[in-house]
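Structure data follow from entry_4.pdb (PDB, C-alpha atoms):
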```pdb
ATOM      1  CA  MET S   1      71.743 -17.143 -65.670
ATOM      2  CA  LYS S   2      70.933 -15.821 -62.222
ATOM      3  CA  LEU S   3      69.055 -17.718 -59.498
ATOM      4  CA  LEU S   4      68.211 -16.126 -56.172
ATOM      5  CA  ILE S   5      66.956 -18.488 -53.463
ATOM      6  CA  LEU S   6      64.985 -16.628 -50.824
ATOM      7  CA  THR S   7      64.506 -18.508 -47.578
ATOM      8  CA  GLY S   8      64.190 -17.965 -43.840
ATOM      9  CA  LEU S   9      61.671 -17.763 -41.036
ATOM     10  CA  SER S  10      57.958 -17.393 -41.676
ATOM     11  CA  GLY S  11      56.872 -13.849 -40.903
ATOM     12  CA  ALA S  12      60.312 -12.353 -41.627
ATOM     13  CA  GLY S  13      59.219 -10.702 -44.890
ATOM     14  CA  LYS S  14      59.907 -13.249 -47.641
ATOM     15  CA  SER S  15      56.671 -12.426 -49.465
ATOM     16  CA  ILE S  16      57.560  -8.728 -49.567
ATOM     17  CA  ALA S  17      61.024  -9.599 -50.858
ATOM     18  CA  LEU S  18      59.630 -11.863 -53.591
ATOM     19  CA  HIS S  19      57.171  -9.194 -54.734
ATOM     20  CA  THR S  20      60.046  -6.710 -54.887
ATOM     21  CA  LEU S  21      62.126  -9.112 -56.970
ATOM     22  CA  GLU S  22      59.184  -9.653 -59.300
ATOM     23  CA  ASP S  23      58.943  -5.882 -59.769
ATOM     24  CA  SER S  24      62.686  -5.909 -60.545
ATOM     25  CA  GLY S  25      62.247  -8.298 -63.457
ATOM     26  CA  PHE S  26      62.735 -11.679 -61.773
ATOM     27  CA  PHE S  27      60.576 -14.711 -62.558
ATOM     28  CA  CYS S  28      59.399 -15.626 -59.045
ATOM     29  CA  ILE S  29      58.184 -18.911 -57.592
ATOM     30  CA  ASP S  30      57.074 -19.135 -53.977
ATOM     31  CA  ASN S  31      57.223 -22.231 -51.764
ATOM     32  CA  LEU S  32      58.876 -24.599 -54.205
ATOM     33  CA  PRO S  33      59.450 -27.927 -52.387
ATOM     34  CA  ILE S  34      63.175 -28.499 -52.189
ATOM     35  CA  THR S  35      62.690 -32.048 -53.528
ATOM     36  CA  LEU S  36      61.586 -30.475 -56.840
ATOM     37  CA  LEU S  37      64.508 -28.073 -57.091
ATOM     38  CA  ASP S  38      66.719 -30.373 -59.204
ATOM     39  CA  ASP S  39      63.870 -31.062 -61.634
ATOM     40  CA  PHE S  40      63.070 -27.377 -61.935
ATOM     41  CA  ILE S  41      66.675 -26.543 -62.730
ATOM     42  CA  SER S  42      67.157 -29.351 -65.251
ATOM     43  CA  ASN S  43      63.754 -29.493 -66.943
ATOM     44  CA  VAL S  44      62.504 -25.919 -66.719
ATOM     45  CA  MET S  45      65.169 -23.320 -66.082
ATOM     46  CA  LEU S  46      67.883 -24.757 -68.342
ATOM     47  CA  GLN S  47      65.376 -25.619 -71.066
ATOM     48  CA  ASP S  48      64.048 -22.064 -71.377
ATOM     49  CA  GLN S  49      66.953 -19.814 -70.478
ATOM     50  CA  SER S  50      65.423 -16.664 -71.932
ATOM     51  CA  THR S  51      62.341 -16.871 -69.693
ATOM     52  CA  TYR S  52      64.228 -17.900 -66.592
ATOM     53  CA  ARG S  53      67.335 -15.753 -67.119
ATOM     54  CA  LYS S  54      66.656 -14.091 -63.749
ATOM     55  CA  THR S  55      64.742 -16.319 -61.354
ATOM     56  CA  ALA S  56      63.891 -16.087 -57.664
ATOM     57  CA  ILE S  57      62.606 -19.065 -55.678
ATOM     58  CA  GLY S  58      61.109 -18.961 -52.205
ATOM     59  CA  ILE S  59      61.964 -22.026 -50.117
ATOM     60  CA  ASP S  60      60.964 -22.459 -46.498
ATOM     61  CA  ALA S  61      59.844 -24.978 -43.896
ATOM     62  CA  ARG S  62      56.078 -24.969 -44.369
ATOM     63  CA  ASN S  63      55.664 -28.534 -43.194
ATOM     64  CA  ARG S  64      57.685 -30.758 -40.899
ATOM     65  CA  ASN S  65      58.211 -33.358 -43.613
ATOM     66  CA  GLN S  66      60.679 -31.010 -45.323
ATOM     67  CA  GLY S  67      63.219 -31.348 -42.509
ATOM     68  CA  GLU S  68      65.276 -34.134 -44.091
ATOM     69  CA  SER S  69      65.107 -32.486 -47.519
ATOM     70  CA  LEU S  70      66.434 -29.214 -46.109
ATOM     71  CA  ASP S  71      69.419 -31.084 -44.683
ATOM     72  CA  ALA S  72      70.510 -31.704 -48.283
ATOM     73  CA  PHE S  73      70.360 -28.000 -49.161
ATOM     74  CA  ALA S  74      74.148 -27.659 -49.561
ATOM     75  CA  ASP S  75      74.180 -30.523 -52.074
ATOM     76  CA  LYS S  76      71.394 -28.853 -54.029
ATOM     77  CA  LEU S  77      73.437 -25.644 -54.231
ATOM     78  CA  THR S  78      76.459 -27.555 -55.484
ATOM     79  CA  PHE S  79      74.343 -29.138 -58.225
ATOM     80  CA  ILE S  80      72.923 -25.766 -59.286
ATOM     81  CA  ARG S  81      76.327 -24.110 -59.527
ATOM     82  CA  GLU S  82      77.738 -27.049 -61.452
ATOM     83  CA  GLN S  83      75.179 -26.256 -64.159
ATOM     84  CA  GLY S  84      76.817 -22.855 -64.654
ATOM     85  CA  ILE S  85      74.046 -20.957 -62.869
ATOM     86  CA  GLU S  86      75.024 -18.046 -60.635
ATOM     87  CA  CYS S  87      73.139 -18.743 -57.406
ATOM     88  CA  ASP S  88      72.846 -16.586 -54.272
ATOM     89  CA  VAL S  89      71.002 -17.519 -51.075
ATOM     90  CA  VAL S  90      69.276 -14.808 -49.034
ATOM     91  CA  TYR S  91      68.142 -15.851 -45.558
ATOM     92  CA  MET S  92      65.583 -13.692 -43.737
ATOM     93  CA  GLN S  93      65.068 -13.727 -39.995
ATOM     94  CA  ALA S  94      63.623 -11.691 -37.138
ATOM     95  CA  GLU S  95      63.679 -11.849 -33.369
ATOM     96  CA  GLU S  96      61.202 -14.236 -31.760
ATOM     97  CA  GLY S  97      59.335 -11.454 -29.967
ATOM     98  CA  VAL S  98      58.917  -9.543 -33.216
ATOM     99  CA  LEU S  99      57.583 -12.602 -35.051
ATOM    100  CA  LEU S 100      55.120 -13.315 -32.243
ATOM    101  CA  LYS S 101      53.870  -9.734 -32.440
ATOM    102  CA  ARG S 102      53.535  -9.849 -36.226
ATOM    103  CA  TYR S 103      51.455 -13.004 -36.143
ATOM    104  CA  SER S 104      49.333 -11.560 -33.361
ATOM    105  CA  GLU S 105      48.689  -8.329 -35.262
ATOM    106  CA  THR S 106      47.952  -9.945 -38.628
ATOM    107  CA  ARG S 107      46.125 -12.959 -37.139
ATOM    108  CA  ARG S 108      47.868 -15.159 -39.660
ATOM    109  CA  ARG S 109      48.496 -18.800 -38.886
ATOM    110  CA  HIS S 110      52.083 -20.001 -38.797
ATOM    111  CA  PRO S 111      52.470 -22.886 -41.316
ATOM    112  CA  LEU S 112      53.751 -25.296 -38.635
ATOM    113  CA  THR S 113      51.153 -24.594 -35.952
ATOM    114  CA  ASP S 114      48.213 -26.866 -35.244
ATOM    115  CA  SER S 115      45.844 -27.524 -32.344
ATOM    116  CA  ASN S 116      48.627 -29.201 -30.381
ATOM    117  CA  LEU S 117      51.524 -26.916 -31.266
ATOM    118  CA  PRO S 118      51.588 -23.285 -30.049
ATOM    119  CA  LEU S 119      53.134 -20.510 -32.105
ATOM    120  CA  LYS S 120      56.217 -20.050 -29.926
ATOM    121  CA  GLU S 121      57.103 -23.738 -30.214
ATOM    122  CA  ALA S 122      56.468 -23.702 -33.977
ATOM    123  CA  LEU S 123      58.953 -20.851 -34.374
ATOM    124  CA  LYS S 124      61.632 -22.833 -32.550
ATOM    125  CA  ILE S 125      61.007 -25.952 -34.656
ATOM    126  CA  GLU S 126      61.171 -23.933 -37.874
ATOM    127  CA  LYS S 127      64.456 -22.320 -36.839
ATOM    128  CA  ASP S 128      65.960 -25.755 -36.130
ATOM    129  CA  MET S 129      64.761 -27.081 -39.491
ATOM    130  CA  LEU S 130      66.490 -24.237 -41.309
ATOM    131  CA  LYS S 131      69.904 -24.551 -39.614
ATOM    132  CA  SER S 132      71.478 -26.245 -42.629
ATOM    133  CA  VAL S 133      70.070 -23.516 -44.876
ATOM    134  CA  VAL S 134      71.341 -20.512 -42.929
ATOM    135  CA  ASP S 135      74.865 -21.971 -43.073
ATOM    136  CA  CYS S 136      74.740 -21.623 -46.872
ATOM    137  CA  ALA S 137      73.440 -18.055 -46.950
ATOM    138  CA  ASP S 138      75.295 -15.386 -48.906
ATOM    139  CA  LEU S 139      73.262 -12.687 -47.177
ATOM    140  CA  ILE S 140      71.350 -12.713 -43.893
ATOM    141  CA  ILE S 141      68.721 -10.007 -43.447
ATOM    142  CA  ASP S 142      67.281  -9.351 -40.010
ATOM    143  CA  THR S 143      63.953  -7.536 -40.352
ATOM    144  CA  SER S 144      63.239  -7.083 -36.641
ATOM    145  CA  ARG S 145      63.434  -3.296 -37.013
ATOM    146  CA  THR S 146      62.882  -2.978 -40.754
ATOM    147  CA  HIS S 147      59.582  -1.781 -42.138
ATOM    148  CA  TYR S 148      57.997  -2.529 -45.519
ATOM    149  CA  HIS S 149      59.627   0.251 -47.556
ATOM    150  CA  GLN S 150      63.074  -0.281 -46.023
ATOM    151  CA  LEU S 151      62.974  -3.970 -46.896
ATOM    152  CA  ARG S 152      61.923  -3.281 -50.478
ATOM    153  CA  GLU S 153      64.755  -0.770 -50.856
ATOM    154  CA  LEU S 154      67.276  -3.196 -49.361
ATOM    155  CA  ILE S 155      66.258  -5.987 -51.760
ATOM    156  CA  ARG S 156      66.377  -3.650 -54.768
ATOM    157  CA  ASP S 157      69.828  -2.428 -53.750
ATOM    158  CA  TYR S 158      71.072  -5.982 -53.310
ATOM    159  CA  VAL S 159      69.894  -6.998 -56.768
ATOM    160  CA  GLN S 160      71.366  -3.912 -58.432
ATOM    161  CA  GLU S 161      74.710  -4.110 -56.641
ATOM    162  CA  GLY S 162      74.977  -7.862 -57.142
ATOM    163  CA  ALA S 163      74.707  -7.373 -60.891
ATOM    164  CA  GLN S 164      78.004  -5.487 -60.812
ATOM    165  CA  GLN S 165      79.936  -8.656 -59.868
ATOM    166  CA  LYS S 166      81.798  -7.007 -56.981
ATOM    167  CA  ILE S 167      81.381  -7.438 -53.266
ATOM    168  CA  SER S 168      78.697  -5.132 -51.895
ATOM    169  CA  ILE S 169      79.172  -3.425 -48.549
ATOM    170  CA  GLN S 170      76.125  -2.583 -46.504
ATOM    171  CA  THR S 171      76.951   0.074 -43.921
ATOM    172  CA  GLN S 172      74.495   0.497 -41.078
ATOM    173  CA  SER S 173      74.246   2.826 -38.106
ATOM    174  CA  PHE S 174      72.302   1.761 -35.031
ATOM    175  CA  GLY S 175      71.686   2.527 -31.362
ATOM    176  CA  PHE S 176      72.889   0.019 -28.773
ATOM    177  CA  LYS S 177      69.891   0.805 -26.568
ATOM    178  CA  HIS S 178      67.680  -0.609 -29.321
ATOM    179  CA  GLY S 179      69.723  -3.788 -29.786
ATOM    180  CA  ILE S 180      72.648  -4.922 -31.931
ATOM    181  CA  PRO S 181      71.767  -5.786 -35.569
ATOM    182  CA  LEU S 182      71.899  -9.566 -35.855
ATOM    183  CA  ASP S 183      72.774  -9.586 -39.552
ATOM    184  CA  ALA S 184      76.042  -7.635 -39.227
ATOM    185  CA  ASP S 185      79.396  -9.221 -40.085
ATOM    186  CA  PHE S 186      81.370  -6.515 -38.258
ATOM    187  CA  VAL S 187      80.093  -4.383 -35.363
ATOM    188  CA  PHE S 188      82.028  -1.354 -34.104
ATOM    189  CA  ASP S 189      81.195   0.526 -30.897
ATOM    190  CA  ALA S 190      81.435   4.329 -31.107
ATOM    191  CA  ARG S 191      80.151   5.043 -27.593
ATOM    192  CA  CYS S 192      83.678   5.947 -26.467
ATOM    193  CA  LEU S 193      83.630   9.056 -28.692
ATOM    194  CA  PRO S 194      82.495  12.570 -27.653
ATOM    195  CA  ASN S 195      78.708  12.660 -27.709
ATOM    196  CA  PRO S 196      76.914  15.611 -29.378
ATOM    197  CA  TYR S 197      73.807  14.671 -27.367
ATOM    198  CA  TRP S 198      75.218  16.484 -24.350
ATOM    199  CA  SER S 199      75.273  19.783 -26.245
ATOM    200  CA  PRO S 200      71.703  21.159 -25.972
ATOM    201  CA  GLU S 201      71.890  22.846 -29.379
ATOM    202  CA  LEU S 202      72.884  19.548 -31.038
ATOM    203  CA  ARG S 203      70.657  17.139 -29.137
ATOM    204  CA  GLY S 204      67.716  17.300 -31.528
ATOM    205  CA  LEU S 205      69.862  17.005 -34.644
ATOM    206  CA  THR S 206      71.435  13.955 -36.309
ATOM    207  CA  GLY S 207      74.830  13.001 -37.663
ATOM    208  CA  ARG S 208      73.689  14.253 -41.062
ATOM    209  CA  ASP S 209      73.242  17.850 -39.890
ATOM    210  CA  GLN S 210      76.191  20.153 -40.547
ATOM    211  CA  ALA S 211      76.419  21.362 -36.938
ATOM    212  CA  VAL S 212      76.900  17.786 -35.704
ATOM    213  CA  VAL S 213      79.274  16.988 -38.561
ATOM    214  CA  GLY S 214      81.404  20.006 -37.641
ATOM    215  CA  PHE S 215      81.406  19.036 -33.968
ATOM    216  CA  LEU S 216      82.617  15.492 -34.692
ATOM    217  CA  GLN S 217      85.115  16.520 -37.361
ATOM    218  CA  SER S 218      86.780  18.826 -34.833
ATOM    219  CA  GLU S 219      87.510  15.914 -32.462
ATOM    220  CA  LEU S 220      90.823  14.165 -33.153
ATOM    221  CA  ILE S 221      89.691  10.940 -31.483
ATOM    222  CA  VAL S 222      86.796  10.673 -33.955
ATOM    223  CA  SER S 223      89.219  10.929 -36.888
ATOM    224  CA  GLU S 224      91.447   8.285 -35.330
ATOM    225  CA  PHE S 225      88.473   5.970 -34.759
ATOM    226  CA  PHE S 226      87.337   6.360 -38.373
ATOM    227  CA  GLN S 227      90.835   5.834 -39.725
ATOM    228  CA  ASP S 228      91.301   2.629 -37.736
ATOM    229  CA  ILE S 229      88.008   1.185 -38.998
ATOM    230  CA  SER S 230      88.572   2.123 -42.636
ATOM    231  CA  THR S 231      92.132   0.739 -42.569
ATOM    232  CA  PHE S 232      90.914  -2.495 -41.001
ATOM    233  CA  LEU S 233      88.203  -2.943 -43.629
ATOM    234  CA  GLU S 234      90.501  -2.066 -46.535
ATOM    235  CA  ARG S 235      92.792  -4.832 -45.381
ATOM    236  CA  TRP S 236      90.177  -7.531 -44.864
ATOM    237  CA  ILE S 237      87.481  -6.883 -47.497
ATOM    238  CA  PRO S 238      89.708  -8.289 -50.296
ATOM    239  CA  ARG S 239      90.017 -11.506 -48.256
ATOM    240  CA  PHE S 240      86.235 -11.830 -48.219
ATOM    241  CA  GLU S 241      86.120 -11.200 -51.967
ATOM    242  CA  LYS S 242      88.604 -14.036 -52.508
ATOM    243  CA  GLU S 243      86.205 -16.331 -50.615
ATOM    244  CA  ASN S 244      83.491 -15.414 -53.143
ATOM    245  CA  ARG S 245      81.469 -13.425 -50.644
ATOM    246  CA  SER S 246      79.043 -11.179 -52.484
ATOM    247  CA  TYR S 247      77.853  -9.192 -49.473
ATOM    248  CA  LEU S 248      79.395  -7.785 -46.285
ATOM    249  CA  THR S 249      77.539  -5.873 -43.574
ATOM    250  CA  VAL S 250      79.403  -3.351 -41.418
ATOM    251  CA  ALA S 251      77.555  -1.780 -38.492
ATOM    252  CA  ILE S 252      78.620   1.104 -36.246
ATOM    253  CA  GLY S 253      76.631   1.799 -33.108
ATOM    254  CA  CYS S 254      76.413   4.566 -30.562
ATOM    255  CA  THR S 255      73.990   4.975 -27.674
ATOM    256  CA  GLY S 256      70.891   6.120 -29.546
ATOM    257  CA  GLY S 257      71.919   5.728 -33.168
ATOM    258  CA  GLN S 258      71.345   9.406 -33.962
ATOM    259  CA  HIS S 259      74.679  11.239 -33.984
ATOM    260  CA  ARG S 260      78.089   9.518 -33.856
ATOM    261  CA  SER S 261      77.179   6.305 -35.659
ATOM    262  CA  VAL S 262      75.288   8.182 -38.396
ATOM    263  CA  PHE S 263      78.210  10.500 -39.044
ATOM    264  CA  LEU S 264      80.706   7.626 -39.135
ATOM    265  CA  ILE S 265      78.592   5.457 -41.444
ATOM    266  CA  ASP S 266      78.101   8.310 -43.934
ATOM    267  CA  SER S 267      81.850   8.970 -43.803
ATOM    268  CA  LEU S 268      82.622   5.274 -44.291
ATOM    269  CA  ALA S 269      80.211   5.039 -47.229
ATOM    270  CA  ARG S 270      81.827   8.011 -48.985
ATOM    271  CA  HIS S 271      85.272   6.578 -48.328
ATOM    272  CA  PHE S 272      84.530   3.213 -49.951
ATOM    273  CA  GLN S 273      82.419   4.666 -52.748
ATOM    274  CA  SER S 274      85.458   6.723 -53.734
ATOM    275  CA  LYS S 275      87.361   3.436 -54.069
ATOM    276  CA  ALA S 276      84.738   2.013 -56.469
ATOM    277  CA  PHE S 277      83.098  -0.324 -53.960
ATOM    278  CA  ASN S 278      79.369  -0.974 -54.113
ATOM    279  CA  VAL S 279      78.007   0.612 -50.922
ATOM    280  CA  ILE S 280      74.507   0.507 -49.455
ATOM    281  CA  VAL S 281      73.729   2.849 -46.544
ATOM    282  CA  ARG S 282      71.164   2.242 -43.794
ATOM    283  CA  HIS S 283      70.500   4.350 -40.720
ATOM    284  CA  ARG S 284      68.308   2.048 -38.655
ATOM    285  CA  GLU S 285      67.169   4.507 -36.022
ATOM    286  CA  LEU S 286      66.562   7.374 -38.461
ATOM    287  CA  GLN S 287      64.045   5.470 -40.604
TER
END
```
Can you dump the structure from the file as structure tokens?
Amino acid sequence: MKLLILTGLSGAGKSIALHTLEDSGFFCIDNLPITLLDDFISNVMLQDQSTYRKTAIGIDARNRNQGESLDAFADKLTFIREQGIECDVVYMQAEEGVLLKRYSETRRRHPLTDSNLPLKEALKIEKDMLKSVVDCADLIIDTSRTHYHQLRELIRDYVQEGAQQKISIQTQSFGFKHGIPLDADFVFDARCLPNPYWSPELRGLTGRDQAVVGFLQSELIVSEFFQDISTFLERWIPRFEKENRSYLTVAIGCTGGQHRSVFLIDSLARHFQSKAFNVIVRHRELQ
């Protein structure tokens, strides 16, 4: 049996993720109070294993009374896994400024706000309430620069790759001038490499265009950089697998996220796919 607990900050995209999981064949329940989690496992999920073979539950901090219950989240996970249920926790977050903008644009009310509590303060309280939850997460997704279709694709990929019972590697290119991805486990800086941007004929292209690929492949320092990263990851990924990690995010950044990082991420993805790893590719600035 598979249980996916989806949690995180309000406004970070949990509803989109749950709808995607439902489309992928999961039985989905949103906003289940954590105090009812044990009962649901014992009296519902285990009693009807065919219906709840693949289940996703949304848990969040929709009222301040849940604070103490969320502190016991790790104990709840231990109980679930002791029942023989495979359980992953996905935590979704976004930068404060992005969340403020989303609530402003949609005119939705944050679940913790009231007449005496402004939105910015509610976001801080919610983040504090979820500290014990984020520590248990198998995967952290930052949606600050992820739109609707990207998030749906990421969730689908996670579910499909997770079913293969092998650590999944998400490789992501990005531009430092747009911010470092907060959900990355490893971040590598490619700004020291020759930059195709300074060649006028290459400036408008990306690291997926053959002219840029040829330019970077001709530079020895680029090959050395790639070799060092791939060797490092080959050495340490098995250590993460031994710790029962199901997901690892590797990000490579350059200045704008258009040329060097894109080329390196595509190269890294091909390298690990050839070694039978489950690889998901994202180019943040190209989407």
key: Using all atoms listed in the file: which of S:Arg270, S:Arg107, S:His19, S:Arg284 has the shortest distance to Pro181 (chain S)   =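 With all atoms listed in the file as the atom set, the closest residue is S:Arg284.
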What do you get, as a tab-separated table (two decimals) with C-alpha atoms, keeping the file's coordinate frame, if you spell out every residue that the PyMOL selection byres ((chain S and resi 183) around 6) selects here?
```tsv
chain	number	residue	atom	x	y	z
S	140	ILE	CA	71.35	-12.71	-43.89
S	141	ILE	CA	68.72	-10.01	-43.45
S	142	ASP	CA	67.28	-9.35	-40.01
S	181	PRO	CA	71.77	-5.79	-35.57
S	182	LEU	CA	71.90	-9.57	-35.85
S	184	ALA	CA	76.04	-7.64	-39.23
```
message = Starting from the PyMOL selection byres ((chain S and resi 128) around 12), expand the selection into actual residues of this file and give them as number ranges by chain.
response = S: 8-9, 60-61, 64, 66-68, 70-71, 121-127, 129-135
Test item: the PyMOL selection byres ((chain S and resi 271) around 12) resolved as a list of chain:residue names =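 On this input, the PyMOL selection byres ((chain S and resi 271) around 12) captures S:Ile169, S:Thr171, S:Phe226, S:Gln227, S:Ile229, S:Ser230, S:Thr231, S:Leu233, S:Glu234, S:Leu264, S:Ile265, S:Asp266, S:Ser267, S:Leu268, S:Ala269, S:Arg270, S:Phe272, S:Gln273, S:Ser274, S:Lys275, S:Ala276, S:Phe277, S:Asn278, S:Val279.
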key: S:Tyr148, S:Tyr91, S:Trp198, S:Tyr158 ranked by distance to Val212 (chain S), top pick (using all atoms listed in the file)   = S:Trp198
task = Find the residues around Pro194 (chain S) up to 8 Å (all atoms listed in the file counted), leave out those fewer than 2 positions away in its own chain, and share them as a list in words.
result =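 Listing them by chain and then by number gives Arg191, Cys192, Pro196, Leu216, Glu219 and Val222 of chain S.
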ask   = Using only C-alpha atoms, which of the listed residues (S:His259, S:Asp48, S:Glu96, S:Lys54) sits closest to Gly204 (chain S)?
value =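 Smallest separation from Gly204 (chain S) among the options: S:His259.
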